[in-house]
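See below for the structure under consideration.
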Amino acid sequence: MAQSLPLSSTPATPSLPSQTKIAAIIQNICTLALLLLALPFNATIVFISLLAFRPQKVKAANPQNILISGGKMTKALQLARSFHAAGHRVVLVETHKYWLTGHRFSQAVDKFYTVPAPQDNPQAYIQALVDIVKQENIDVYIPVTSPVGSYYDSLAKPELSHYCEVFHFDADITQMLDDKFALTQKARSLGLSVPKSFKITSPEQVINFDFSGETRQYILKSIPYDSVRRLDLTKLPCATPEETAAFVRSLPISPEKPWIMQEFIPGKEFCTHSTVRNGELRLHCCCESSAFQVNYENVDNPQITEWVQRFVKELKLTGQISFDFIQSEDGTVYAIECNPRTHSAITTFYDHPQVAQAYLSQAPTTETIQPLVTSKPTYWTYHEVWRLTGIRSFTQLQRWLGNIWRGTDAIYQPDDPLPFLMVHHWQIPLLLLNNLRRLKGWTRIDFNIGKLVELGGD
């Protein structure tokens with residue numbers, strides 16, 4: 001049965017040993033220094049863009065007021081730009097913690113609000129959204145959520161629906177899609193391919209599992225979202241039973257925090273974003289993927305498109321949905337995970353004129369909008385600069401240069417350059433300064449999502 005997301009807030013950070021505090025100080029100060037060095041270059045690019053380019057104003061035949069959440073994330077910025085370019089008015093919202101988002105400075109954003117974190121106070125979050133919807137006369141609310149936030153926007157949907165359309169799934173659908181094990185059961189019942197999977201609520205289930213009859217190895221993934229451990233793809237069984245037991249017991253597995261043990265299928269990874277209405281696939285893109293993906297280029301994969309079409313049609317879904325797939329050597333595609341929310345791959349629609357129509361049109365359609373064939377792959381410049389530190393050969397350097405030459409930055413647009421400056425030299429530095437004040441480190445900076453990835457973070 002699908003598990004609901006916890007309603008409790010993030011536990012308090014335990015006291016850190018002095019060595020860890022010193023490491024956090026060094027990490028934050030050094031990163032702030034590097035960003036300061038990059039500031040003159042970024043500021044020059046933005047200043048020239050402001051002088052050279054003038055944003056174009058478009059009037060829609062039927063302009064609407066659009067509320068978009070997740071304001072710290074690039075995908076929210078992309079949607080804001082798409083609706084603004086079609087002549088609609090955009091109101092952006094984020095939680096109080098991310099009041100500093102650089103996207104609020106976009107010329108595509110008419111108004112910006114902050115709201116309480118939904119996991120801390122769901123009712124206050126819902127009421128804050130209702131107040132904004134009423135005050136700004138919102139016609140359509142499009143949630144761009146974090147993994148935790150998807151469920152709370154589903155809880156908010158019944159109340160918000162009195163005042164505007166909520167382009168999001170009902171709570172029971174969101175729970176099912178977000179639960180990796182429930183998803184595999186639902187897909188299998190529809191005759192769609194998914195890996196062999198087991199729901200794990202105790203380490204002993206894995207330790208006592210008989211792997212001898214299995215043809216493939218397995219991996220463990222937390223069913224509740226875990227921003228750090230989701231990148232751990234340790235194959236099971238380990239070299240010895242003792243190593244397997246030690247690894248499994250190191251994970252926070254419990255009935256309250258279940259995991260999924262999923263068959264590991266070798267092959268090529270793909271991710272998708274789909275915008276659907278009444279079971280119709282309105283907008284869709286598919287990109288090659290990896291565990292931490294910050295490069296997106298649309299590829300045509302008919303098997304994946306057909307899989308998604310069948311799934312959303314059978315469930316008659318309306319909202320935004322994204323999948324992770326593995327395509328094995330024999331061409332079979334397996335859905336390994338679903339996220340009932342906007343995917344960052346939507347940045348590949350940065351120059352498509354029909355994105356707003358795909359979301360707003362109520363008329364049935366058989367056309368699925370995909371990124372333009374002339375669209376460039378998207379990347380995040382500051383991620384790419386960091387990748388330079390990992391280049392160890394001329395071949396790797398050539399590949400890196402090719403990505404930059406062929407692609408375009410997902411945040412920077414010549415006629416809307418301020419977010420490029422403010423994300424990198426306002427939003428992230430302020431988050432770093434806050435961590436420095438708390439003597440707290442982080443795992444990595446995600447410029448795409450606009451946050452510091454921390455153990456136990458949002």
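In the structure tokens, chains take the letters A, B, ... in the order shown, each chain's residues start at 1, and ligands count up from 1 in the order shown.
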Write out as a tab-separated table (two decimals) with C-alpha atoms, in the first residue's frame all residues of region 194-297 of chain A that backbone DSSP assigns to alpha helix (DSSP H).
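Okay, part36.tsv is ready:
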```
chain	number	residue	atom	x	y	z
A	203	PRO	CA	17.23	-4.92	7.19
A	204	GLU	CA	16.68	-8.62	7.90
A	205	GLN	CA	14.53	-8.95	4.76
A	206	VAL	CA	17.61	-8.21	2.67
A	207	ILE	CA	20.10	-10.04	4.87
A	241	PRO	CA	27.33	-11.85	3.53
A	242	GLU	CA	29.03	-9.84	6.28
A	243	GLU	CA	29.53	-6.88	3.96
A	244	THR	CA	25.94	-7.11	2.78
A	245	ALA	CA	24.68	-7.12	6.37
A	246	ALA	CA	26.91	-4.20	7.37
A	247	PHE	CA	25.79	-2.10	4.42
A	248	VAL	CA	22.08	-2.80	4.88
A	249	ARG	CA	22.20	-2.13	8.62
```
Can you tell me, as a VMD selection string, what residues are no more than 9 Å from Asp351 (chain A) when counting only C-alpha atoms, ignoring any on the same chain fewer than 6 positions away? chain A and resid 82 371 to 372 375
For the residues selected in the previous step, produce a file with all heavy atoms as a short mmCIF file (atom, residue, chain, number, x, y, z; two decimals), in the first residue's frame.
```cif
data_model
loop_
_atom_site.label_atom_id
_atom_site.label_comp_id
_atom_site.auth_asym_id
_atom_site.auth_seq_id
_atom_site.Cartn_x
_atom_site.Cartn_y
_atom_site.Cartn_z
N SER A 82 7.95 30.84 -20.17
CA SER A 82 7.08 30.33 -21.24
C SER A 82 5.70 30.97 -21.19
O SER A 82 5.13 31.33 -22.23
CB SER A 82 6.96 28.80 -21.13
OG SER A 82 8.20 28.18 -21.40
N PRO A 371 10.33 19.34 -27.83
CA PRO A 371 11.27 20.43 -28.08
C PRO A 371 11.54 20.60 -29.57
O PRO A 371 11.54 19.62 -30.33
CB PRO A 371 12.53 19.99 -27.34
CG PRO A 371 12.03 19.11 -26.23
CD PRO A 371 10.86 18.38 -26.83
N LEU A 372 11.76 21.84 -29.98
CA LEU A 372 12.04 22.11 -31.38
C LEU A 372 13.32 21.39 -31.80
O LEU A 372 14.26 21.24 -31.01
CB LEU A 372 12.21 23.61 -31.61
CG LEU A 372 11.00 24.50 -31.25
CD1 LEU A 372 11.38 25.97 -31.39
CD2 LEU A 372 9.80 24.15 -32.12
N SER A 375 16.35 23.34 -31.14
CA SER A 375 16.70 23.71 -29.77
C SER A 375 18.05 23.12 -29.37
O SER A 375 18.37 21.98 -29.72
CB SER A 375 15.62 23.21 -28.80
OG SER A 375 14.38 23.81 -29.08
#
```
Counting only C-alpha atoms, which residue out of A:Pro122, A:Pro364, A:Gly441, A:Pro414 sits closest to Leu281 (chain A)? A:Pro364
List the spatial neighbours of Gln427 (chain A) as number ranges by chain - criterion: any atom at most 8 Å away, only C-alpha atoms, same-chain residues fewer than 4 positions off excluded. A: 100-102, 422-423, 431, 450
Output for the residues just chosen: C-alpha atoms as a short mmCIF file (atom, residue, chain, number, x, y, z; two decimals), in the first residue's frame:
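Here's the written file out.cif:
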```
data_model
loop_
_atom_site.label_atom_id
_atom_site.label_comp_id
_atom_site.auth_asym_id
_atom_site.auth_seq_id
_atom_site.Cartn_x
_atom_site.Cartn_y
_atom_site.Cartn_z
CA LEU A 100 16.36 35.01 -1.64
CA THR A 101 15.70 33.22 -4.94
CA GLY A 102 17.31 34.97 -7.87
CA MET A 422 21.25 36.79 -8.86
CA VAL A 423 21.14 32.99 -8.57
CA LEU A 431 22.68 30.12 1.56
CA GLY A 450 18.92 26.46 -6.33
#
```
Can you pull out the residues contacting Asp300 (chain A)? Cut-off 12 Å, using only C-alpha atoms, and skip same-chain residues under 5 positions away; I want them as a list in words.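 Returned residues: Phe270, Cys271, Thr272, His284, Cys285, Cys286, Cys287, Glu288, Thr305, Glu306, Gln370, Pro371, Leu372 and Val373 of chain A.
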Dump of N, CA, C and O atoms for the selected residues, as an mmCIF file, in the first residue's frame:
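In the end it all went to again.cif:
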```cif
data_model
loop_
_atom_site.group_PDB
_atom_site.id
_atom_site.type_symbol
_atom_site.label_atom_id
_atom_site.label_comp_id
_atom_site.auth_asym_id
_atom_site.auth_seq_id
_atom_site.Cartn_x
_atom_site.Cartn_y
_atom_site.Cartn_z
ATOM 1 N N PHE A 270 17.416 6.961 -19.079
ATOM 2 C CA PHE A 270 16.690 8.076 -19.667
ATOM 3 C C PHE A 270 15.789 8.705 -18.606
ATOM 4 O O PHE A 270 15.370 8.039 -17.652
ATOM 5 N N CYS A 271 15.498 9.985 -18.767
ATOM 6 C CA CYS A 271 14.513 10.662 -17.932
ATOM 7 C C CYS A 271 13.518 11.360 -18.845
ATOM 8 O O CYS A 271 13.831 11.689 -19.996
ATOM 9 N N THR A 272 12.322 11.571 -18.349
ATOM 10 C CA THR A 272 11.284 12.215 -19.162
ATOM 11 C C THR A 272 10.574 13.294 -18.360
ATOM 12 O O THR A 272 10.541 13.260 -17.125
ATOM 13 N N HIS A 284 5.951 16.586 -24.085
ATOM 14 C CA HIS A 284 6.786 15.458 -23.683
ATOM 15 C C HIS A 284 8.215 15.641 -24.190
ATOM 16 O O HIS A 284 8.428 16.090 -25.319
ATOM 17 N N CYS A 285 9.176 15.324 -23.338
ATOM 18 C CA CYS A 285 10.574 15.267 -23.773
ATOM 19 C C CYS A 285 11.245 14.088 -23.085
ATOM 20 O O CYS A 285 10.809 13.621 -22.028
ATOM 21 N N CYS A 286 12.284 13.585 -23.706
ATOM 22 C CA CYS A 286 13.032 12.441 -23.201
ATOM 23 C C CYS A 286 14.511 12.745 -23.377
ATOM 24 O O CYS A 286 14.943 13.174 -24.459
ATOM 25 N N CYS A 287 15.291 12.549 -22.323
ATOM 26 C CA CYS A 287 16.715 12.869 -22.353
ATOM 27 C C CYS A 287 17.521 11.714 -21.762
ATOM 28 O O CYS A 287 17.044 11.005 -20.871
ATOM 29 N N GLU A 288 18.728 11.535 -22.268
ATOM 30 C CA GLU A 288 19.642 10.603 -21.610
ATOM 31 C C GLU A 288 19.923 11.125 -20.208
ATOM 32 O O GLU A 288 19.951 12.339 -19.979
ATOM 33 N N THR A 305 8.130 6.818 -25.214
ATOM 34 C CA THR A 305 6.924 7.635 -25.453
ATOM 35 C C THR A 305 5.664 6.786 -25.381
ATOM 36 O O THR A 305 4.662 7.171 -24.758
ATOM 37 N N GLU A 306 5.697 5.604 -25.991
ATOM 38 C CA GLU A 306 4.537 4.711 -25.963
ATOM 39 C C GLU A 306 4.243 4.250 -24.545
ATOM 40 O O GLU A 306 3.079 4.163 -24.132
ATOM 41 N N GLN A 370 6.860 18.530 -28.574
ATOM 42 C CA GLN A 370 8.210 18.155 -28.179
ATOM 43 C C GLN A 370 9.148 19.329 -28.427
ATOM 44 O O GLN A 370 8.803 20.263 -29.159
ATOM 45 N N PRO A 371 10.333 19.338 -27.826
ATOM 46 C CA PRO A 371 11.271 20.430 -28.079
ATOM 47 C C PRO A 371 11.540 20.602 -29.572
ATOM 48 O O PRO A 371 11.537 19.620 -30.331
ATOM 49 N N LEU A 372 11.756 21.837 -29.976
ATOM 50 C CA LEU A 372 12.040 22.105 -31.383
ATOM 51 C C LEU A 372 13.319 21.388 -31.805
ATOM 52 O O LEU A 372 14.258 21.244 -31.009
ATOM 53 N N VAL A 373 13.357 20.945 -33.053
ATOM 54 C CA VAL A 373 14.549 20.235 -33.543
ATOM 55 C C VAL A 373 15.753 21.167 -33.566
ATOM 56 O O VAL A 373 16.904 20.713 -33.544
#
```
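Closest to Phe311 (chain A) among A:Ala358, A:Val276, A:Ile223, A:Leu251 is A:Val276, based on only C-alpha atoms.
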Give the answer as one residue: which of A:Cys30, A:Val46, A:Ala76, A:Leu283 has the shortest atom-to-atom distance to Thr366 (chain A), using only C-alpha atoms? A:Leu283
Proximity to Phe181 (chain A) - best of A:Ile260, A:His103, A:Val144, A:Lys196, only C-alpha atoms: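 Of all the options, A:Ile260 lies closest to Phe181 (chain A).
Of the residues listed (A:Gln320, A:Thr240, A:Ser250, A:Ser290), A:Gln320 shows the shortest atom-to-atom separation from His343 (chain A); distances use only C-alpha atoms.
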